[in-house]
$ cat query34.cif   # mmCIF, C-alpha atoms
data_structure
#
loop_
_atom_site.group_PDB
_atom_site.id
_atom_site.type_symbol
_atom_site.label_atom_id
_atom_site.label_comp_id
_atom_site.auth_asym_id
_atom_site.auth_seq_id
_atom_site.Cartn_x
_atom_site.Cartn_y
_atom_site.Cartn_z
ATOM 1 C CA MET A 16 103.117 126.087 70.321
ATOM 2 C CA THR A 17 106.452 127.053 71.916
ATOM 3 C CA VAL A 18 105.384 127.438 75.532
ATOM 4 C CA ILE A 19 108.666 128.087 77.341
ATOM 5 C CA THR A 20 110.758 130.361 75.157
ATOM 6 C CA ASP A 21 113.680 130.937 77.521
ATOM 7 C CA MET A 22 115.169 130.071 80.908
ATOM 8 C CA ASP A 23 118.596 130.046 82.516
ATOM 9 C CA LEU A 24 120.323 126.720 81.813
ATOM 10 C CA THR A 25 123.645 127.582 83.433
ATOM 11 C CA GLY A 26 125.446 124.374 84.435
ATOM 12 C CA PHE A 27 123.098 122.112 82.484
ATOM 13 C CA THR A 28 123.833 120.178 79.293
ATOM 14 C CA GLU A 29 121.066 119.140 76.905
ATOM 15 C CA ARG A 30 120.660 115.358 76.651
ATOM 16 C CA GLU A 31 117.575 115.318 74.444
ATOM 17 C CA PRO A 32 114.964 117.900 73.496
ATOM 18 C CA GLY A 33 113.528 119.312 76.701
ATOM 19 C CA VAL A 34 115.831 117.363 79.068
ATOM 20 C CA TRP A 35 119.098 118.563 80.595
ATOM 21 C CA THR A 36 121.475 117.198 83.240
ATOM 22 C CA ASP A 37 124.291 118.701 85.276
ATOM 23 C CA GLU A 38 127.491 117.251 86.705
ATOM 24 C CA ARG A 39 125.805 116.500 90.039
ATOM 25 C CA GLY A 40 123.204 114.272 88.423
ATOM 26 C CA LEU A 41 120.276 116.676 88.513
ATOM 27 C CA VAL A 42 117.733 116.254 85.709
ATOM 28 C CA LEU A 43 115.910 119.355 84.496
ATOM 29 C CA SER A 44 112.967 118.807 82.189
ATOM 30 C CA VAL A 45 110.118 120.801 80.698
ATOM 31 C CA HIS A 46 106.764 119.389 79.618
ATOM 32 C CA PHE A 47 103.583 120.443 77.885
ATOM 33 C CA PHE A 48 100.283 118.672 78.518
ATOM 34 C CA ASP A 49 97.526 119.324 75.993
ATOM 35 C CA LEU A 50 94.881 118.290 78.511
ATOM 36 C CA VAL A 51 92.724 119.973 81.121
ATOM 37 C CA PRO A 52 94.999 120.207 84.214
ATOM 38 C CA ASP A 53 94.216 117.654 86.913
ATOM 39 C CA LEU A 54 94.777 119.985 89.870
ATOM 40 C CA PRO A 55 92.058 119.298 92.441
ATOM 41 C CA ALA A 56 91.316 122.875 93.549
ATOM 42 C CA PRO A 57 91.729 126.457 92.313
ATOM 43 C CA LEU A 58 95.003 128.206 93.026
ATOM 44 C CA ASP A 59 93.256 130.945 94.973
ATOM 45 C CA ARG A 60 92.360 128.369 97.640
ATOM 46 C CA PRO A 61 95.901 127.197 98.530
ATOM 47 C CA GLY A 62 94.966 125.423 101.753
ATOM 48 C CA GLU A 63 92.388 123.247 99.999
ATOM 49 C CA LEU A 64 94.778 122.636 97.117
ATOM 50 C CA ARG A 65 97.699 121.598 99.342
ATOM 51 C CA HIS A 66 95.501 119.244 101.348
ATOM 52 C CA ALA A 67 94.100 117.527 98.256
ATOM 53 C CA LEU A 68 97.539 117.212 96.662
ATOM 54 C CA ALA A 69 99.054 115.741 99.831
ATOM 55 C CA ARG A 70 96.331 113.095 99.992
ATOM 56 C CA SER A 71 96.740 112.242 96.307
ATOM 57 C CA VAL A 72 100.513 111.933 96.550
ATOM 58 C CA ALA A 73 100.222 109.726 99.652
ATOM 59 C CA ALA A 74 97.662 107.520 97.900
ATOM 60 C CA ALA A 75 100.208 107.042 95.114
ATOM 61 C CA GLY A 76 102.757 105.744 97.647
ATOM 62 C CA ALA A 77 104.894 108.893 97.681
ATOM 63 C CA GLY A 78 105.160 111.900 99.980
ATOM 64 C CA LEU A 79 104.443 115.601 99.469
ATOM 65 C CA ILE A 80 107.160 117.574 101.247
ATOM 66 C CA GLU A 81 106.004 121.057 100.258
ATOM 67 C CA ALA A 82 103.384 122.672 98.058
ATOM 68 C CA GLY A 83 102.460 126.256 97.428
ATOM 69 C CA CYS A 84 101.161 128.758 94.932
ATOM 70 C CA GLY A 85 103.138 131.465 93.196
ATOM 71 C CA GLU A 86 103.962 132.778 89.750
ATOM 72 C CA VAL A 87 106.016 131.482 86.845
ATOM 73 C CA GLY A 88 106.488 133.811 83.909
ATOM 74 C CA SER A 89 103.800 136.151 85.340
ATOM 75 C CA LEU A 90 101.144 133.386 85.459
ATOM 76 C CA PRO A 91 99.673 131.673 88.544
ATOM 77 C CA ALA A 92 101.350 128.342 89.226
ATOM 78 C CA VAL A 93 101.525 125.608 91.837
ATOM 79 C CA ARG A 94 104.759 124.140 93.183
ATOM 80 C CA GLN A 95 105.081 120.595 94.466
ATOM 81 C CA LEU A 96 108.142 119.056 96.101
ATOM 82 C CA VAL A 97 107.681 115.290 96.234
ATOM 83 C CA LYS A 98 109.702 112.307 97.386
ATOM 84 C CA VAL A 99 109.193 108.903 95.764
ATOM 85 C CA ARG A 100 110.791 105.525 96.243
ATOM 86 C CA ARG A 101 113.311 104.465 93.637
ATOM 87 C CA PRO A 102 111.904 101.758 91.371
ATOM 88 C CA ASP A 103 114.595 99.362 92.645
ATOM 89 C CA GLY A 104 113.644 100.136 96.251
ATOM 90 C CA HIS A 105 117.039 101.614 97.151
ATOM 91 C CA GLY A 106 116.688 105.179 98.396
ATOM 92 C CA GLN A 107 114.481 108.004 97.211
ATOM 93 C CA VAL A 108 114.097 110.394 94.312
ATOM 94 C CA PHE A 109 113.208 114.033 95.000
ATOM 95 C CA ILE A 110 111.144 115.952 92.423
ATOM 96 C CA ASP A 111 110.558 119.696 92.652
ATOM 97 C CA SER A 112 108.240 121.184 90.043
ATOM 98 C CA TRP A 113 106.098 124.096 88.995
ATOM 99 C CA THR A 114 102.862 123.449 87.116
ATOM 100 C CA VAL A 115 101.473 126.414 85.194
ATOM 101 C CA PRO A 116 97.835 125.568 84.402
ATOM 102 C CA ARG A 117 95.577 127.163 81.832
ATOM 103 C CA ALA A 118 91.989 126.239 80.969
ATOM 104 C CA GLY A 119 92.801 123.383 78.592
ATOM 105 C CA CYS A 120 96.508 122.695 79.006
ATOM 106 C CA SER A 121 99.520 123.170 81.247
ATOM 107 C CA THR A 122 103.268 123.407 81.226
ATOM 108 C CA VAL A 123 105.607 121.967 83.854
ATOM 109 C CA VAL A 124 109.182 122.771 84.830
ATOM 110 C CA LYS A 125 110.723 119.984 86.878
ATOM 111 C CA VAL A 126 114.047 119.279 88.598
ATOM 112 C CA GLN A 127 114.768 115.863 90.072
ATOM 113 C CA ALA A 128 117.616 113.904 91.598
ATOM 114 C CA GLY A 129 117.968 110.572 93.349
ATOM 115 C CA GLU A 130 120.030 109.367 96.258
ATOM 116 C CA GLY A 131 123.243 107.549 95.422
ATOM 117 C CA ALA A 132 124.858 104.543 97.029
ATOM 118 C CA MET A 133 124.684 106.102 100.501
ATOM 119 C CA THR A 134 121.124 106.701 101.647
ATOM 120 C CA GLY A 135 119.507 107.895 104.855
ATOM 121 C CA LEU A 136 122.444 109.909 106.218
ATOM 122 C CA ARG A 137 120.527 113.181 106.390
ATOM 123 C CA GLU A 138 117.609 111.476 108.093
ATOM 124 C CA ALA A 139 119.799 109.641 110.595
ATOM 125 C CA LEU A 140 121.746 112.747 111.629
ATOM 126 C CA VAL A 141 118.616 114.879 112.025
ATOM 127 C CA LEU A 142 116.910 112.125 113.998
ATOM 128 C CA ASP A 143 119.912 112.012 116.325
ATOM 129 C CA ARG A 144 119.769 115.775 116.840
ATOM 130 C CA VAL A 145 116.033 116.259 117.414
ATOM 131 C CA GLY A 146 115.182 112.911 119.011
ATOM 132 C CA PRO A 147 112.550 110.366 117.966
ATOM 133 C CA ASP A 148 109.694 112.205 119.692
ATOM 134 C CA ARG A 149 110.158 115.259 117.476
ATOM 135 C CA TYR A 150 111.259 113.557 114.264
ATOM 136 C CA PHE A 151 108.003 112.208 112.811
ATOM 137 C CA THR A 152 105.168 114.733 112.743
ATOM 138 C CA PRO A 153 101.615 114.822 111.367
ATOM 139 C CA HIS A 154 101.489 116.121 107.840
ATOM 140 C CA PRO A 155 101.244 119.941 107.933
ATOM 141 C CA TYR A 156 98.571 119.949 105.223
ATOM 142 C CA GLY A 157 96.131 117.795 107.162
ATOM 143 C CA PRO A 158 96.064 115.162 109.947
ATOM 144 C CA ASP A 159 94.143 112.829 107.640
ATOM 145 C CA VAL A 160 97.082 112.637 105.192
ATOM 146 C CA THR A 161 98.304 109.105 105.801
ATOM 147 C CA GLY A 162 100.044 106.399 103.833
ATOM 148 C CA GLY A 163 102.823 106.801 101.323
ATOM 149 C CA LEU A 164 106.201 108.007 102.557
ATOM 150 C CA PRO A 165 106.065 109.449 106.091
ATOM 151 C CA HIS A 166 106.427 113.132 106.860
ATOM 152 C CA HIS A 167 109.433 114.016 109.015
ATOM 153 C CA VAL A 168 111.438 117.071 109.960
ATOM 154 C CA ALA A 169 114.616 116.037 108.093
ATOM 155 C CA ASP A 170 112.999 117.107 104.816
ATOM 156 C CA GLY A 171 112.676 120.688 106.066
ATOM 157 C CA GLU A 172 114.461 123.465 104.206
ATOM 158 C CA GLU A 173 116.092 124.609 107.449
ATOM 159 C CA TRP A 174 118.438 121.597 107.225
ATOM 160 C CA ASP A 175 119.572 122.241 103.647
ATOM 161 C CA ALA A 176 122.581 124.366 104.592
ATOM 162 C CA GLN A 177 123.955 121.499 106.685
ATOM 163 C CA PHE A 178 123.513 118.998 103.829
ATOM 164 C CA PRO A 179 124.513 120.923 100.682
ATOM 165 C CA ASP A 180 125.256 117.767 98.663
ATOM 166 C CA HIS A 181 121.972 116.027 99.425
ATOM 167 C CA PRO A 182 119.676 115.649 96.374
ATOM 168 C CA LEU A 183 116.770 117.254 98.233
ATOM 169 C CA THR A 184 118.864 120.348 98.915
ATOM 170 C CA GLN A 185 120.060 120.466 95.324
ATOM 171 C CA VAL A 186 116.691 120.144 93.579
ATOM 172 C CA ARG A 187 115.159 122.735 95.898
ATOM 173 C CA ALA A 188 117.961 125.222 95.183
ATOM 174 C CA ALA A 189 118.049 124.555 91.423
ATOM 175 C CA LEU A 190 114.336 125.138 90.901
ATOM 176 C CA ALA A 191 114.446 128.286 93.042
ATOM 177 C CA ARG A 192 117.260 129.644 90.857
ATOM 178 C CA ILE A 193 115.666 128.745 87.526
ATOM 179 C CA THR A 194 112.083 129.824 88.231
ATOM 180 C CA PRO A 195 112.556 133.616 87.974
ATOM 181 C CA THR A 196 114.220 133.197 84.563
ATOM 182 C CA VAL A 197 111.373 131.283 82.870
ATOM 183 C CA VAL A 198 109.770 133.134 79.959
ATOM 184 C CA LEU A 199 106.429 131.924 78.583
ATOM 185 C CA HIS A 200 105.115 132.354 75.050
ATOM 186 C CA ASP A 201 102.505 135.096 74.630
ATOM 187 C CA GLY A 202 100.146 132.579 73.050
ATOM 188 C CA PHE A 203 100.192 130.524 76.235
ATOM 189 C CA THR A 204 99.838 133.447 78.620
ATOM 190 C CA SER A 205 96.815 134.732 76.667
ATOM 191 C CA LEU A 206 94.866 131.470 77.087
ATOM 192 C CA PRO A 207 91.878 131.427 79.479
ATOM 193 C CA PRO A 208 92.771 130.754 83.126
ATOM 194 C CA PHE A 209 92.556 127.377 84.802
ATOM 195 C CA VAL A 210 89.226 126.267 86.306
ATOM 196 C CA PRO A 211 89.398 122.990 88.294
ATOM 197 C CA VAL A 212 87.231 119.985 87.608
ATOM 198 C CA ALA A 213 84.753 118.981 90.265
ATOM 199 C CA ALA A 214 86.560 115.875 91.528
ATOM 200 C CA PRO A 215 90.293 115.369 92.212
ATOM 201 C CA VAL A 216 92.270 112.704 90.430
ATOM 202 C CA ALA A 217 94.258 110.034 92.220
ATOM 203 C CA THR A 218 97.760 111.052 91.162
ATOM 204 C CA PRO A 219 99.207 114.572 90.680
ATOM 205 C CA GLU A 220 101.732 115.272 87.974
ATOM 206 C CA ALA A 221 104.525 115.706 90.507
ATOM 207 C CA ALA A 222 104.205 112.043 91.488
ATOM 208 C CA ALA A 223 105.028 110.928 87.965
ATOM 209 C CA PRO A 224 107.701 108.250 87.437
ATOM 210 C CA ALA A 225 111.238 109.348 88.297
ATOM 211 C CA GLU A 226 112.349 109.180 84.663
ATOM 212 C CA PRO A 227 110.668 112.058 82.777
ATOM 213 C CA PRO A 228 108.709 111.235 79.631
ATOM 214 C CA ALA A 229 109.981 112.488 76.310
ATOM 215 C CA PRO A 230 108.858 116.124 76.009
ATOM 216 C CA ARG A 231 106.758 117.252 73.077
ATOM 217 C CA ARG A 232 107.938 119.675 70.414
ATOM 218 C CA TRP A 233 107.323 123.055 71.988
ATOM 219 C CA PHE A 234 110.567 124.215 73.618
ATOM 220 C CA ARG A 235 113.404 126.093 72.025
ATOM 221 C CA ARG A 236 116.896 126.257 73.510
ATOM 222 C CA GLY A 237 117.270 128.699 76.416
ATOM 223 C CA ARG A 238 120.303 130.781 77.189
ATOM 224 C CA ASN A 239 123.553 129.361 78.530
ATOM 225 C CA ALA A 240 122.777 125.899 77.123
#

$ encode --input "query34.cif" --output "structure tokens"
Amino acid sequence: MTVITDMDLTGFTEREPGVWTDERGLVLSVHFFDLVPDLPAPLDRPGELRHALARSVAAAGAGLIEAGCGEVGSLPAVRQLVKVRRPDGHGQVFIDSWTVPRAGCSTVVKVQAGEGAMTGLREALVLDRVGPDRYFTPHPYGPDVTGGLPHHVADGEEWDAQFPDHPLTQVRAALARITPTVVLHDGFTSLPPFVPVAAPVATPEAAAPAEPPAPRRWFRRGRNA
């Protein structure tokens, strides 16, 4: 099945089927999972869903910056913005994604980028401005969300304009631009809606390894490729 039939690829160059990069080092990828989605709660209970996702991401050693529900291609979807440690331990990778779940499968649109040689500048400057007492805060999705990468105010969207070249700023902006242009195949949109399993899994899809897996054969080239 061709799940995503079109989206705006302006500025991106295809590297392999379903994976594109741009000159800034952003990686855009699309994925299809022929499995029951592992989201831990229904999308019409966003508070419960965000809390469960934040705990799962923390348990995996990462950090959930933002999560929320919305629509992609007219279908209900969940967005997750996650930070993970680089495999070599130097800096972080930021992954912003939409998961569009159906009863027995899902599709994901993901943008990611990692820090370069210089790391921690955004965090250091924000810490200097707000002070240590206001920098680290309890996780907004639940005080029991502990472990993984700590939650702090420097990841907030309100700082993006002051750090336009930071990978967090760039992945957030890229996904926001691309999302309204995604077109889904009628065969996918007509599938039964997602119903969550009873128990959450340990690791959400957004906390997947920084390097995206090879996509399956279901995407055709979008416009402006």

$ residues_near_point --input "query34.cif" --point "(111.6, 120.9, 103.9)" --cutoff "9 Å" --atoms "all atoms listed in the file" --output "short mmCIF file (atom, residue, chain, number, x, y, z; two decimals) with C-alpha atoms, keeping the file's coordinate frame"
data_model
loop_
_atom_site.label_atom_id
_atom_site.label_comp_id
_atom_site.auth_asym_id
_atom_site.auth_seq_id
_atom_site.Cartn_x
_atom_site.Cartn_y
_atom_site.Cartn_z
CA ILE A 80 107.16 117.57 101.25
CA GLU A 81 106.00 121.06 100.26
CA LEU A 96 108.14 119.06 96.10
CA HIS A 167 109.43 114.02 109.02
CA VAL A 168 111.44 117.07 109.96
CA ALA A 169 114.62 116.04 108.09
CA ASP A 170 113.00 117.11 104.82
CA GLY A 171 112.68 120.69 106.07
CA GLU A 172 114.46 123.46 104.21
CA GLU A 173 116.09 124.61 107.45
CA TRP A 174 118.44 121.60 107.22
CA ASP A 175 119.57 122.24 103.65
CA LEU A 183 116.77 117.25 98.23
CA THR A 184 118.86 120.35 98.92
CA ARG A 187 115.16 122.74 95.90
#

$ residues_around --input "query34.cif" --residues "Tyr156 in chain A" --least-positions-apart "3" --cutoff "10 Å" --atoms "all atoms listed in the file" --output "list in words"
Gly62, Glu63, Leu64, Arg65, His66, Ala67, Leu68, Ala69, Arg70, Leu79, Ile80, Glu81, Ala82, Pro153, Asp159 and Val160 of chain A

$ write_last_selection --input "query34.cif" --atoms "C-alpha atoms" --output "compact mmCIF listing (two decimals), in the coordinates of the input"
# COMPACT_ATOMS: atom_id res chain seq x y z
CA GLY A 62 94.97 125.42 101.75
CA GLU A 63 92.39 123.25 100.00
CA LEU A 64 94.78 122.64 97.12
CA ARG A 65 97.70 121.60 99.34
CA HIS A 66 95.50 119.24 101.35
CA ALA A 67 94.10 117.53 98.26
CA LEU A 68 97.54 117.21 96.66
CA ALA A 69 99.05 115.74 99.83
CA ARG A 70 96.33 113.10 99.99
CA LEU A 79 104.44 115.60 99.47
CA ILE A 80 107.16 117.57 101.25
CA GLU A 81 106.00 121.06 100.26
CA ALA A 82 103.38 122.67 98.06
CA PRO A 153 101.62 114.82 111.37
CA ASP A 159 94.14 112.83 107.64
CA VAL A 160 97.08 112.64 105.19

$ closest_residue --input "query34.cif" --among "A:Val45, A:Leu142, A:Arg137, A:Pro52" --to "Thr20 in chain A" --atoms "all atoms listed in the file"
A:Val45

$ resolve_selection --input "query34.cif" --expression "the PyMOL selection byres ((chain A and resi 86) around 10)" --output "number ranges by chain"
A: 84-85, 87-94, 113-115, 194-195

$ closest_residue --input "query34.cif" --among "A:Gly40, A:Pro32, A:Pro211, A:Gly146" --to "Leu54 in chain A" --atoms "all atoms listed in the file"
A:Pro211

$ resolve_selection --input "query34.cif" --expression "the PyMOL selection byres ((chain A and resi 197-202) around 8)" --output "PyMOL selection string"
chain A and resi 16-23+87-88+193-196+203-206

$ atom_distance --input "query34.cif" --atom1 "CA of Glu29 in chain A" --atom2 "CA of Leu43 in chain A"
9.2 Å

$ residues_around --input "query34.cif" --residues "Gln127 in chain A" --least-positions-apart "2" --cutoff "10 Å" --atoms "only C-alpha atoms" --output "list in words"
Thr36, Gly40, Leu41, Val42, Leu43, Ser44, Leu96, Val97, Lys98, Val108, Phe109, Ile110, Asp111, Ser112, Lys125, Gly129, Pro182, Leu183, Gln185, Val186, Arg187, Ala189, Leu190, Ala225, Glu226 and Pro227 of chain A

$ residues_around --input "query34.cif" --residues "Pro208 in chain A" --least-positions-apart "5" --cutoff "9 Å" --atoms "all atoms listed in the file" --output "PyMOL selection string"
chain A and resi 91+116-119

$ residues_near_point --input "query34.cif" --point "(105.1, 110.5, 111.1)" --cutoff "10 Å" --atoms "all atoms listed in the file" --output "PyMOL selection string"
chain A and resi 148-154+161-162+164-168

$ write_last_selection --input "query34.cif" --atoms "C-alpha atoms" --output "compact mmCIF listing (two decimals), keeping the file's coordinate frame"
# COMPACT_ATOMS: atom_id res chain seq x y z
CA ASP A 148 109.69 112.20 119.69
CA ARG A 149 110.16 115.26 117.48
CA TYR A 150 111.26 113.56 114.26
CA PHE A 151 108.00 112.21 112.81
CA THR A 152 105.17 114.73 112.74
CA PRO A 153 101.62 114.82 111.37
CA HIS A 154 101.49 116.12 107.84
CA THR A 161 98.30 109.10 105.80
CA GLY A 162 100.04 106.40 103.83
CA LEU A 164 106.20 108.01 102.56
CA PRO A 165 106.06 109.45 106.09
CA HIS A 166 106.43 113.13 106.86
CA HIS A 167 109.43 114.02 109.02
CA VAL A 168 111.44 117.07 109.96

$ atom_distance --input "query34.cif" --atom1 "CA of Glu130 in chain A" --atom2 "CA of Gln107 in chain A"
5.8 Å

$ atom_distance --input "query34.cif" --atom1 "CA of Gly76 in chain A" --atom2 "CA of Phe178 in chain A"
25.4 Å

$ closest_residue --input "query34.cif" --among "A:Gly106, A:Arg60, A:Glu31, A:Gln95" --to "Ala128 in chain A" --atoms "all atoms listed in the file"
A:Gly106

$ closest_residue --input "query34.cif" --among "A:Arg101, A:Arg192, A:Arg144, A:His46" --to "Cys120 in chain A" --atoms "only C-alpha atoms"
A:His46

$ closest_residue --input "query34.cif" --among "A:Val126, A:Pro147, A:Gln177, A:Ala132" --to "Leu24 in chain A" --atoms "only C-alpha atoms"
A:Val126

$ axis_aligned_box --input "query34.cif" --around "range 187-191 of chain A" --padding-each-side "4 Å" --output "AutoDock Vina command-line options"
--center_x 116.2 --center_y 125.5 --center_z 93.4 --size_x 11.7 --size_y 13.6 --size_z 13.0
